[in-house]
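Visitor: One file is attached below, target-v6.cif, containing mmCIF, C-alpha atoms.
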data_target
loop_
_atom_site.label_atom_id
_atom_site.label_comp_id
_atom_site.auth_asym_id
_atom_site.auth_seq_id
_atom_site.Cartn_x
_atom_site.Cartn_y
_atom_site.Cartn_z
CA MET G 199 105.57 206.43 172.08
CA SER G 200 108.50 208.58 170.99
CA CYS G 201 110.19 208.04 174.38
CA GLU G 202 109.91 204.27 173.98
CA ARG G 203 111.64 204.58 170.64
CA HIS G 204 114.71 206.06 172.33
CA ARG G 205 115.02 203.39 175.00
CA SER G 206 117.80 201.42 173.35
CA ALA G 207 119.72 204.56 172.44
CA ILE G 208 119.42 205.78 176.02
CA ARG G 209 121.05 202.55 177.22
CA ASP G 210 123.85 203.02 174.75
CA VAL G 211 124.41 206.54 176.08
CA ALA G 212 124.45 205.17 179.61
CA LEU G 213 127.11 202.70 178.49
CA GLY G 214 129.28 205.55 177.30
CA GLU G 215 128.30 206.14 173.70
CA VAL G 216 127.92 209.66 172.34
CA PRO G 217 124.20 210.42 171.94
CA PRO G 218 123.00 210.96 168.40
CA LYS G 219 121.79 214.43 167.55
CA ARG G 220 118.13 213.42 167.48
CA LEU G 221 118.34 211.86 170.94
CA GLU G 222 120.20 214.83 172.29
CA THR G 223 117.41 217.10 171.10
CA HIS G 224 114.83 214.79 172.60
CA LEU G 225 116.61 214.58 175.95
CA ALA G 226 116.74 218.35 176.12
CA SER G 227 112.97 218.52 175.89
CA CYS G 228 111.96 215.31 177.74
CA PRO G 229 112.47 215.12 181.51
CA ALA G 230 111.22 211.50 181.60
CA CYS G 231 113.93 210.33 179.24
CA ARG G 232 116.55 212.29 181.17
CA ALA G 233 115.38 210.49 184.29
CA ALA G 234 115.49 207.19 182.44
CA LEU G 235 119.07 207.91 181.40
CA ASP G 236 120.03 208.69 184.98
CA ASP G 237 118.27 205.53 186.07
CA GLU G 238 120.20 203.44 183.58
CA ARG G 239 123.47 204.98 184.68
CA ARG G 240 122.73 204.25 188.34
CA ARG G 241 121.75 200.69 187.51
CA LEU G 242 124.87 200.20 185.48
CA ALA G 243 127.04 201.50 188.30
CA ARG G 244 125.32 199.12 190.65
CA ILE G 245 125.87 196.19 188.31
CA ASP G 246 129.55 197.01 188.02
CA GLY G 247 129.84 197.46 191.77
CA GLU G 248 128.05 194.21 192.53
CA LEU G 249 130.19 192.30 190.10
CA ARG G 250 133.36 193.81 191.49
CA ASN G 251 132.34 193.20 195.09
CA THR G 252 131.19 189.65 194.49
CA LEU G 253 134.25 188.77 192.51
CA ALA G 254 136.52 190.10 195.23
CA ILE G 255 135.98 186.81 196.98
CA GLU G 256 139.21 185.47 198.43
CA PRO G 257 140.34 181.89 197.98
CA PRO G 258 140.77 179.72 201.06
CA VAL G 259 144.14 180.15 202.70
CA HIS G 260 145.03 176.48 202.34
CA LEU G 261 144.53 176.47 198.53
CA LEU G 262 148.08 177.40 197.69
CA SER G 263 149.65 174.98 200.16
CA ARG G 264 147.49 172.16 198.81
CA VAL G 265 148.49 173.00 195.26
CA ARG G 266 152.16 172.90 196.31
CA GLU G 267 151.64 169.59 198.05
CA ILE G 268 149.89 167.96 195.07
CA ALA G 269 152.30 169.38 192.53
CA SER G 270 155.34 168.31 194.55
CA ARG G 271 154.26 164.67 194.33
CA GLY G 272 155.51 164.74 190.78
CA ALA G 273 153.94 164.16 187.49
CA GLU G 274 151.08 161.77 187.67
CA PRO G 275 150.45 159.61 184.66
CA LYS G 276 148.08 161.35 182.36
CA ASP G 277 144.64 159.94 181.96
CA PRO G 278 144.84 158.05 178.69
CA GLY G 279 141.18 158.66 177.99
CA ARG G 280 138.49 156.32 176.87
CA LEU G 281 139.69 155.92 173.32
CA ALA G 282 143.38 155.57 174.08
CA TRP G 283 143.38 151.95 172.86
CA LEU G 284 142.52 153.14 169.38
CA LEU G 285 145.97 154.61 168.80
CA PRO G 286 148.03 151.39 169.06
CA LEU G 287 145.37 149.55 167.10
CA ALA G 288 145.43 152.07 164.28
CA ALA G 289 149.23 151.98 164.28
CA SER G 290 149.19 148.18 163.98
CA VAL G 291 146.76 148.27 161.07
CA VAL G 292 148.85 150.84 159.24
CA ALA G 293 152.03 148.87 159.86
CA LEU G 294 150.43 145.70 158.54
CA ALA G 295 149.10 147.47 155.47
CA VAL G 296 152.58 148.78 154.69
CA LEU G 297 154.64 145.72 155.59
CA LEU G 298 152.56 142.93 154.07
CA PRO G 299 152.98 143.98 150.43
CA LEU G 300 156.66 144.62 151.08
CA ALA G 301 157.09 141.19 152.62
CA ARG G 302 155.45 139.60 149.58
CA ARG G 303 157.86 141.36 147.28
CA VAL G 304 160.93 140.53 149.35
CA PHE G 305 159.92 136.94 150.07
CA PRO G 306 157.90 135.71 147.09
CA PRO G 307 156.45 132.20 147.33
CA SER G 308 159.30 129.82 146.44
CA ALA G 309 159.10 127.80 143.20
CA GLY G 310 159.84 124.62 145.12
CA GLU G 311 156.71 124.78 147.16
CA PRO G 312 154.92 121.47 147.11
CA ARG G 313 152.01 121.40 144.75
CA ALA G 314 149.33 118.86 144.39
CA ALA G 315 150.17 116.25 141.80
CA PRO G 316 148.26 116.44 138.55
CA SER G 317 145.36 114.15 138.48
CA ALA G 318 146.07 110.85 136.77
CA GLN G 319 142.57 110.72 135.38
CA VAL G 320 143.09 113.73 133.19
CA PRO G 321 144.79 112.82 129.97
CA VAL G 322 146.30 116.25 129.47
CA ALA G 323 148.83 117.68 131.89
CA MET G 324 146.71 120.24 133.61
CA PRO G 325 147.76 121.90 136.82
CA SER G 326 145.60 121.31 139.81
CA VAL G 327 144.72 124.17 142.06
CA ASP G 328 146.55 123.99 145.32
CA THR G 329 145.86 126.04 148.34
CA ALA G 330 148.75 128.40 147.79
CA GLU G 331 147.44 129.36 144.40
CA ALA G 332 144.00 129.69 145.74
CA SER G 333 144.66 133.05 147.28
CA ALA G 334 143.29 135.86 145.22
CA ALA G 335 146.62 137.54 144.66
CA GLN G 336 148.27 134.32 143.63
CA VAL G 337 145.55 133.47 141.20
CA GLY G 338 145.76 136.94 139.71
CA VAL G 339 149.51 136.62 139.21
CA GLU G 340 149.27 133.16 137.70
CA ALA G 341 146.53 134.17 135.35
CA ARG G 342 148.63 137.03 133.99
CA LYS G 343 151.78 134.94 133.60
CA GLU G 344 152.56 133.46 130.24
CA PRO G 345 153.72 129.94 130.94
CA PRO G 346 156.89 129.30 129.00
CA LEU G 347 156.30 127.05 126.07
CA GLY G 348 157.83 123.65 126.51
CA GLU G 349 156.76 123.38 130.11
CA SER G 350 154.02 120.99 130.92
CA ARG G 351 152.22 123.60 132.89
CA VAL G 352 149.12 125.06 131.27
CA VAL G 353 146.92 127.36 133.22
CA HIS G 354 143.36 126.37 132.87
CA PRO G 355 141.09 129.35 132.40
CA ARG G 356 138.64 127.92 134.86
CA ALA G 357 141.41 127.45 137.43
CA ALA G 358 142.59 131.02 136.94
CA ALA G 359 139.12 132.28 137.60
CA THR G 360 138.56 130.05 140.57
CA ARG G 361 137.88 131.92 143.76
CA PRO G 362 139.77 130.88 146.88
CA SER G 363 136.60 129.70 148.55
CA GLU G 364 135.92 127.35 145.66
CA ALA G 365 139.40 125.92 145.43
CA SER G 366 140.49 122.86 147.29
CA PRO G 367 143.57 120.66 147.03
CA THR G 368 141.49 117.82 145.69
CA SER G 369 139.48 119.72 143.13
CA GLU G 370 139.82 118.36 139.59
CA PRO G 371 140.40 120.69 136.66
CA GLU G 372 137.37 120.60 134.47
CA VAL G 373 137.91 120.07 130.76
CA ILE G 374 135.03 119.71 128.38
CA VAL G 375 135.99 117.15 125.79
CA PRO G 376 133.61 116.03 123.09
CA PRO G 377 132.97 112.29 122.87
CA GLY G 378 135.98 110.53 121.41
CA GLY G 379 138.02 113.71 121.41
CA GLU G 380 140.52 112.81 124.13
CA ALA G 381 143.22 111.71 121.70
CA ALA G 382 142.78 114.79 119.56
CA LEU G 383 142.97 117.03 122.59
CA ARG G 384 146.13 115.29 123.73
CA ARG G 385 147.74 115.94 120.34
CA PHE G 386 146.55 119.51 120.46
CA VAL G 387 148.27 120.18 123.75
CA GLU G 388 151.42 118.40 122.63
CA ALA G 389 151.54 120.57 119.55
CA ILE G 390 151.48 123.65 121.74
CA ARG G 391 154.08 122.18 124.04
CA ASP G 392 156.40 121.37 121.13
CA ARG G 393 156.09 124.95 119.87
CA ARG G 394 154.58 123.75 116.70
CA MET G 395 151.52 125.87 117.23
CA GLY G 396 151.54 129.38 118.66
CA ARG G 397 149.05 130.67 121.10
CA GLU G 398 147.83 133.11 118.49
CA VAL G 399 146.82 130.27 116.26
CA VAL G 400 145.03 128.45 119.03
CA LEU G 401 143.04 131.53 119.84
CA GLY G 402 142.60 132.50 116.21
CA LEU G 403 144.43 135.79 116.69
CA GLY G 404 147.27 135.88 114.25
CA PRO G 405 149.15 134.22 111.41
CA ASP G 406 149.60 130.53 111.59
CA PRO G 407 153.24 129.58 112.18
CA VAL G 408 152.55 125.93 111.52
CA ASP G 409 153.20 124.51 108.13
CA TRP G 410 149.86 123.35 106.85
CA SER G 411 151.10 122.74 103.32
CA GLY G 412 150.49 119.00 103.53
CA ALA G 413 147.19 117.27 103.18
CA GLU G 414 147.16 116.94 106.93
CA GLY G 415 148.52 119.17 109.56
CA PRO G 416 151.45 118.27 111.76
CA SER G 417 151.03 115.21 113.95
CA GLY G 418 148.08 114.09 111.95
CA TRP G 419 145.95 117.09 112.68
CA PRO G 420 143.13 117.73 110.28
CA ARG G 421 143.63 120.78 108.20
CA PRO G 422 141.54 123.67 109.46
CA PRO G 423 139.20 125.51 107.12
CA ASP G 424 140.78 128.34 105.13
CA ARG G 425 138.56 130.89 106.68
CA LEU G 426 137.43 130.73 110.22
CA PRO G 427 133.84 131.60 110.96
CA ALA G 428 133.36 135.24 111.72
CA GLU G 429 132.71 134.68 115.37
CA ALA G 430 136.06 132.89 115.75
CA GLU G 431 137.88 136.10 114.90
CA ARG G 432 136.80 137.43 118.17
CA VAL G 433 139.03 136.57 121.04
CA GLY G 434 136.23 135.44 123.29
CA ALA G 435 134.92 132.94 120.78
CA ALA G 436 138.18 131.03 120.38
CA PRO G 437 137.76 128.58 123.27
CA GLU G 438 134.43 127.52 121.84
CA MET G 439 135.99 126.90 118.47
CA ALA G 440 138.67 124.54 119.60
CA PRO G 441 136.50 121.64 120.67
CA ARG G 442 134.29 122.01 117.62
CA THR G 443 137.29 121.88 115.33
CA LEU G 444 138.70 118.88 117.15
CA SER G 445 135.52 116.92 116.92
CA ASP G 446 135.32 117.41 113.17
CA MET T 215 157.85 168.77 191.26
CA HIS T 216 161.36 168.19 190.00
CA GLY T 217 161.52 168.53 186.28
CA LEU T 218 158.03 169.89 186.12
CA VAL T 219 158.52 173.44 187.14
CA GLU T 220 161.62 174.38 185.28
CA SER T 221 162.80 177.90 185.55
CA LEU T 222 161.23 180.13 182.98
CA PRO T 223 162.91 183.02 181.27
CA GLY T 224 162.97 185.63 183.97
CA SER T 225 163.40 183.04 186.69
CA VAL T 226 159.74 182.66 187.50
CA VAL T 227 160.10 179.30 189.11
CA SER T 228 163.29 177.89 190.54
CA ARG T 229 164.68 174.56 189.45
CA GLU T 230 164.10 173.15 192.91
CA GLY T 231 160.41 173.16 192.27
CA VAL T 232 157.34 174.67 193.82
CA GLY T 233 158.54 174.01 197.32
CA SER T 234 161.33 176.51 196.94
CA LEU T 235 159.93 179.20 194.72
CA ASP T 236 161.63 182.50 194.52
CA ALA T 237 159.76 185.60 195.55
CA ALA T 238 158.60 186.45 192.04
CA ALA T 239 157.28 182.97 191.48
CA GLU T 240 155.52 182.95 194.85
CA GLU T 241 153.85 186.20 193.98
CA LEU T 242 152.83 184.91 190.58
CA LEU T 243 151.36 181.75 192.00
CA ALA T 244 149.56 183.58 194.81
CA GLU T 245 148.04 186.02 192.36
CA GLY T 246 147.25 183.14 190.04
CA SER T 247 145.46 181.26 192.78
CA ARG T 248 143.28 184.27 193.49
CA LEU T 249 142.53 184.77 189.82
CA ALA T 250 141.76 181.10 189.21
CA PHE T 251 139.51 180.89 192.24
CA ARG T 252 137.53 183.97 191.25
CA VAL T 253 137.10 182.85 187.69
CA ALA T 254 135.91 179.47 188.89
CA TRP T 255 133.59 181.02 191.44
CA SER T 256 132.01 183.28 188.81
CA VAL T 257 130.88 180.18 186.99
CA LEU T 258 130.09 177.87 189.87
CA ARG T 259 129.32 180.23 192.80
CA GLN T 260 130.04 177.62 195.38
CA ARG T 261 133.19 177.91 197.40
CA GLU T 262 133.94 174.21 197.57
CA ASP T 263 133.45 173.65 193.86
CA ALA T 264 135.40 176.78 192.97
CA GLU T 265 138.21 175.66 195.25
CA ASP T 266 138.38 172.25 193.60
CA VAL T 267 138.48 173.77 190.14
CA ALA T 268 141.05 176.40 191.08
CA GLN T 269 143.23 173.75 192.68
CA GLU T 270 143.05 171.56 189.59
CA ALA T 271 143.82 174.50 187.32
CA LEU T 272 146.81 175.56 189.42
CA VAL T 273 148.23 172.06 189.61
CA ARG T 274 147.93 171.71 185.86
CA ALA T 275 149.51 175.08 185.38
CA CYS T 276 152.40 174.16 187.68
CA ARG T 277 153.00 170.88 185.92
CA ASN T 278 153.09 172.51 182.52
CA LEU T 279 155.02 175.59 183.43
CA ALA T 280 158.06 174.21 181.67
CA SER T 281 156.27 174.39 178.34
CA LEU T 282 155.34 178.02 178.92
CA ARG T 283 158.15 180.16 177.58
CA ASP T 284 156.63 183.56 178.18
CA ARG T 285 156.05 184.62 181.76
CA GLU T 286 153.47 187.15 180.65
CA ARG T 287 151.32 184.35 179.28
CA PHE T 288 150.93 182.64 182.63
CA ARG T 289 147.84 184.49 183.76
CA PRO T 290 145.88 184.21 180.47
CA TRP T 291 146.82 180.58 180.36
CA LEU T 292 145.61 180.02 183.91
CA VAL T 293 142.36 181.89 183.21
CA ARG T 294 141.72 179.71 180.19
CA ILE T 295 142.31 176.51 182.14
CA ALA T 296 140.18 177.62 185.10
CA TRP T 297 137.37 178.85 182.87
CA ARG T 298 137.22 175.65 180.86
CA LEU T 299 137.41 173.44 183.93
CA ALA T 300 134.71 175.45 185.68
CA LEU T 301 132.36 175.21 182.71
CA ASN T 302 132.91 171.46 182.54
CA HIS T 303 132.37 171.15 186.27
CA ARG T 304 129.18 173.13 186.06
CA ARG T 305 127.82 171.05 183.18
CA ALA T 306 128.62 167.88 185.09
CA ARG T 307 126.86 169.23 188.15
CA GLN T 308 123.80 170.20 186.12
CA ARG T 309 123.65 166.74 184.59
CA ARG T 310 123.93 165.16 188.01
CA GLU T 311 121.22 167.40 189.41
CA ARG T 312 118.91 166.68 186.49
CA ARG T 313 119.48 162.98 186.97
CA GLU T 314 118.68 163.23 190.65
CA GLY T 315 115.73 165.48 189.97
CA ALA T 316 117.25 168.16 192.10
CA LEU T 317 117.08 171.90 191.92
CA ALA T 318 115.55 174.05 189.30
CA ASP T 319 118.33 176.55 189.98
CA PRO T 320 121.01 175.75 187.44
CA ILE T 321 123.75 177.06 189.67
CA GLY T 322 122.76 175.30 192.84
CA PRO T 323 122.39 176.51 196.36
CA MET T 324 124.60 179.28 197.62
CA ASP T 325 126.39 179.10 200.90
CA VAL T 326 124.33 180.07 203.91
CA GLU T 327 126.25 183.25 204.57
CA GLU T 328 126.10 184.15 200.90
CA LEU T 329 122.39 183.59 200.87
CA ALA T 330 122.04 185.89 203.83
CA ALA T 331 124.16 188.54 202.18
CA ALA T 332 122.74 188.25 198.75
CA GLY T 333 119.92 190.56 198.02
CA GLU T 334 117.41 190.22 195.30
CA PHE T 335 119.39 192.43 193.00
CA ARG T 336 122.50 190.33 193.29
CA ALA T 337 120.57 187.12 192.64
CA ARG T 338 118.97 188.61 189.55
CA LEU T 339 122.28 189.99 188.42
CA TRP T 340 123.98 186.60 188.52
CA ASP T 341 121.03 184.97 186.84
CA ALA T 342 121.48 187.49 184.04
CA VAL T 343 125.21 186.84 183.94
CA ASP T 344 124.57 183.12 183.70
CA ALA T 345 122.26 183.72 180.76
CA LEU T 346 124.99 185.47 178.78
CA PRO T 347 126.85 183.59 176.06
CA ASP T 348 130.22 182.30 177.21
CA LYS T 349 132.22 184.88 175.26
CA LEU T 350 130.30 187.80 176.75
CA ARG T 351 130.29 186.27 180.20
CA LEU T 352 134.04 185.85 180.27
CA VAL T 353 134.76 189.50 179.54
CA VAL T 354 132.20 190.67 182.09
CA VAL T 355 133.72 188.46 184.76
CA LEU T 356 137.28 189.41 183.92
CA ALA T 357 136.35 193.08 183.94
CA GLY T 358 134.60 192.59 187.26
CA ILE T 359 137.61 190.91 188.87
CA GLN T 360 139.65 193.67 190.49
CA GLY T 361 138.15 196.17 188.06
CA HIS T 362 140.45 195.07 185.24
CA ASP T 363 140.68 197.58 182.42
CA VAL T 364 140.02 196.72 178.78
CA ARG T 365 143.69 196.11 178.03
CA THR T 366 144.09 193.61 180.86
CA VAL T 367 140.86 191.85 179.96
CA ALA T 368 142.06 191.57 176.38
CA GLU T 369 145.31 190.09 177.57
CA LEU T 370 143.62 187.62 179.90
CA ALA T 371 140.96 186.58 177.40
CA GLY T 372 143.41 186.40 174.52
CA VAL T 373 141.36 188.62 172.23
CA PRO T 374 141.97 192.09 170.76
CA GLU T 375 140.99 195.14 172.76
CA GLY T 376 138.37 196.14 170.21
CA THR T 377 136.72 192.78 170.60
CA VAL T 378 136.70 193.19 174.36
CA LYS T 379 135.11 196.63 174.05
CA SER T 380 132.32 195.43 171.80
CA ARG T 381 131.69 192.32 173.88
CA LEU T 382 131.70 194.29 177.08
CA HIS T 383 129.27 196.79 175.63
CA ALA T 384 126.92 194.04 174.45
CA ALA T 385 127.15 192.17 177.75
CA ARG T 386 126.46 195.19 179.94
CA LYS T 387 123.58 196.25 177.74
CA ARG T 388 122.03 192.81 178.13
CA LEU T 389 122.49 192.99 181.89
CA LEU T 390 120.82 196.41 181.93
CA GLU T 391 117.86 195.08 179.99
CA ALA T 392 117.58 192.06 182.26
CA LEU T 393 117.64 194.16 185.42
CA SER T 394 115.42 197.04 184.29
#
Translate the structure of the given file into structure tokens.
Guide:
Amino acid sequence: MSCERHRSAIRDVALGEVPPKRLETHLASCPACRAALDDERRRLARIDGELRNTLAIEPPVHLLSRVREIASRGAEPKDPGRLAWLLPLAASVVALAVLLPLARRVFPPSAGEPRAAPSAQVPVAMPSVDTAEASAAQVGVEARKEPPLGESRVVHPRAAATRPSEASPTSEPEVIVPPGGEAALRRFVEAIRDRRMGREVVLGLGPDPVDWSGAEGPSGWPRPPDRLPAEAERVGAAPEMAPRTLSD
Amino acid sequence: MHGLVESLPGSVVSREGVGSLDAAAEELLAEGSRLAFRVAWSVLRQREDAEDVAQEALVRACRNLASLRDRERFRPWLVRIAWRLALNHRRARQRRERREGALADPIGPMDVEELAAAGEFRARLWDAVDALPDKLRLVVVLAGIQGHDVRTVAELAGVPEGTVKSRLHAARKRLLEALS
């Protein structure tokens, strides 16, 4: 049992390690372990000899001449590998991603691009959604732009939110007008166009630049109530207020 | 070979190419061919396969000599190429043999004369060598080739001498255990 315990240490000694004191004492008193150590040393020498002899194998005499012959043919094109097509594809994608935004900045869509004519059925000059504006980027830009007052172009909120897939050159802008309110709506838009009414007033956001001192507002508009309902003070509620006020 | 084997510092290979190597380059290539073949054989243990791998490694080495600035790095570089190619070749052969339902022996049949010469001990020894992890196997093989000392093995394997010593110790101990 004690000899078995020293087996690993005996191998280490055979491999050249200095025996620990305990093993040295044991070896001095145990002929079996001394024989085992000699056995390990002989086996190790045989292993080394076999490896050295086997690996002394000589290459065929024609190996070098064949290498010279193949190498002298010149550089062969390297194997591009199975995924070699990925590199040009990735380069193209990167180039597109970089160049497209640049091209849009350098060559913005010209102002003279043909647009679909406003629909004759709509009493108010509302822009129709053409295909160029239908792209998401275009719609985003248009929605953020403040149309200069005095121009007949008013961006319809619905049009600004229209997705490209929904837009078509023939689509009509949708305007909800209460019964009999077409004339009032027309005057409303004209008032904005003639700068008589600021956007803040329309949306209920700020002071009213229009002179309401008369019994009626400008262009025959009815005078609005002194205090707007609480919900109208919120920005989101303003569009709902306008038709209700007009129909009054 | 023009343009491929440019002369290295120390004039290892002449500008005219492999066909007109100077004496030093011829010696280097001859020694390299022996080294590459033995490394390949230690993995594959078939002359034909080892020859193919050694040839491929030498051709690659020749074609890329221009990028090798240090003459002393030629042999480690060649060993690395031959070792990697041989391992790949062996894996491919094992896959092919498994597909064809061939031999249980992972290495494959030895040559007839080698079979005749190989005793039981040698067969068991190489089985044990094959069972070693790659890192241990490489140092055992390199130490076995021409009885390289620790310093040369470290240079060829590209690892510190201390690492070679510990790996060699572990590898030989495993071989002893396998053959006891």
Visitor: Distance cut-off 12 Å, centre (143.1, 176.8, 197.5) in file coordinates, counting all atoms listed in the file: which residues qualify? Return them as a VMD selection string.
Guide: (chain G and resid 256 to 268) or (chain T and resid 243 to 252 254 261 to 273)
Visitor: Apply the PyMOL selection byres ((chain G and resi 205-217) around 12) to the file shown and report the selected residues as a ChimeraX atom specification.
Guide: /G:199-204,218-226,230-243,245-246 /T:379-380,382-391,394
Visitor: When you look at stretch 336-339 of chain T with a cut-off of 10 Å (counting only C-alpha atoms), what residues show up, excluding the ones that are within fewer than 6 positions of it in the same chain? I need them as a PyMOL selection string.
Guide: (chain G and resi 244-245+248-249+252) or (chain T and resi 329+345+389-390+392-393)
Visitor: Those residues with C-alpha atoms, as a tab-separated table (two decimals), in the coordinates of the input please?
Guide:
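Dumped to part_28.tsv:
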chain	number	residue	atom	x	y	z
G	244	ARG	CA	125.32	199.12	190.65
G	245	ILE	CA	125.87	196.19	188.31
G	248	GLU	CA	128.05	194.21	192.53
G	249	LEU	CA	130.19	192.30	190.10
G	252	THR	CA	131.19	189.65	194.49
T	329	LEU	CA	122.39	183.59	200.87
T	345	ALA	CA	122.26	183.72	180.76
T	389	LEU	CA	122.49	192.99	181.89
T	390	LEU	CA	120.82	196.41	181.93
T	392	ALA	CA	117.58	192.06	182.26
T	393	LEU	CA	117.64	194.16	185.42
Visitor: Using Å and a single decimal, report how far atom CA of T:Trp340 sits from atom CA of T:Leu258.
Guide: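 Between atom CA of T:Leu258 and atom CA of T:Trp340 the gap is 10.7 Å.
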Visitor: Ranking G:Pro286, G:Gly378, G:Pro299, G:Gly247 by minimum distance to chain T and counting all atoms listed in the file, which one comes first?
Guide: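 Of all the options, G:Gly247 lies closest to chain T.
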Visitor: Could you tell me which residues the PyMOL selection byres ((chain T and resi 288-303) around 6) returns for this structure, as a PyMOL selection string?
Guide: chain T and resi 250+254+271+285-287+304-306+370
Visitor: Report the distance between atom CA of T:Arg309 and atom CA of T:Leu352 in Å, rounded to one decimal place.
Guide: 22.2 Å
Visitor: Please measure the separation of atom CA of T:Ser256 and atom CA of T:Glu241, giving the value in Å to one decimal.
Guide: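 One can read the atom CA of T:Ser256 to atom CA of T:Glu241 distance as 22.6 Å.
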Visitor: Could you tell me which of G:Ile390, G:Ala381, G:Leu300, G:Ile255 comes closest to chain T if we count only C-alpha atoms?
Guide: G:Ile255
Visitor: Given only C-alpha atoms as the basis, pick out the residue of G:Leu383, G:Ala288, G:Pro376, G:Ala269 nearest to T:Asn278.
Guide: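 Comparing G:Leu383, G:Ala288, G:Pro376, G:Ala269 against T:Asn278, the winner is G:Ala269.
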Visitor: For chain T, which residue among G:Ala254, G:Leu294, G:Asp392, G:Arg302 is the nearest when counting all atoms listed in the file?
Guide: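 Distance minimum relative to chain T lands on G:Ala254.
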Visitor: With all atoms listed in the file as the atoms that count, which of G:Leu253, G:Cys228, G:Ala293, G:Leu298 lies nearest to chain T?
Guide: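 Closest residue, counting all atoms listed in the file: G:Leu253.
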Visitor: Looking at G:Phe305, G:Glu380, G:Arg271, G:Ser290, which one is nearest to chain T, with distances taken over only C-alpha atoms?
Guide: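 Under the stated criterion, the closest residue is G:Arg271.
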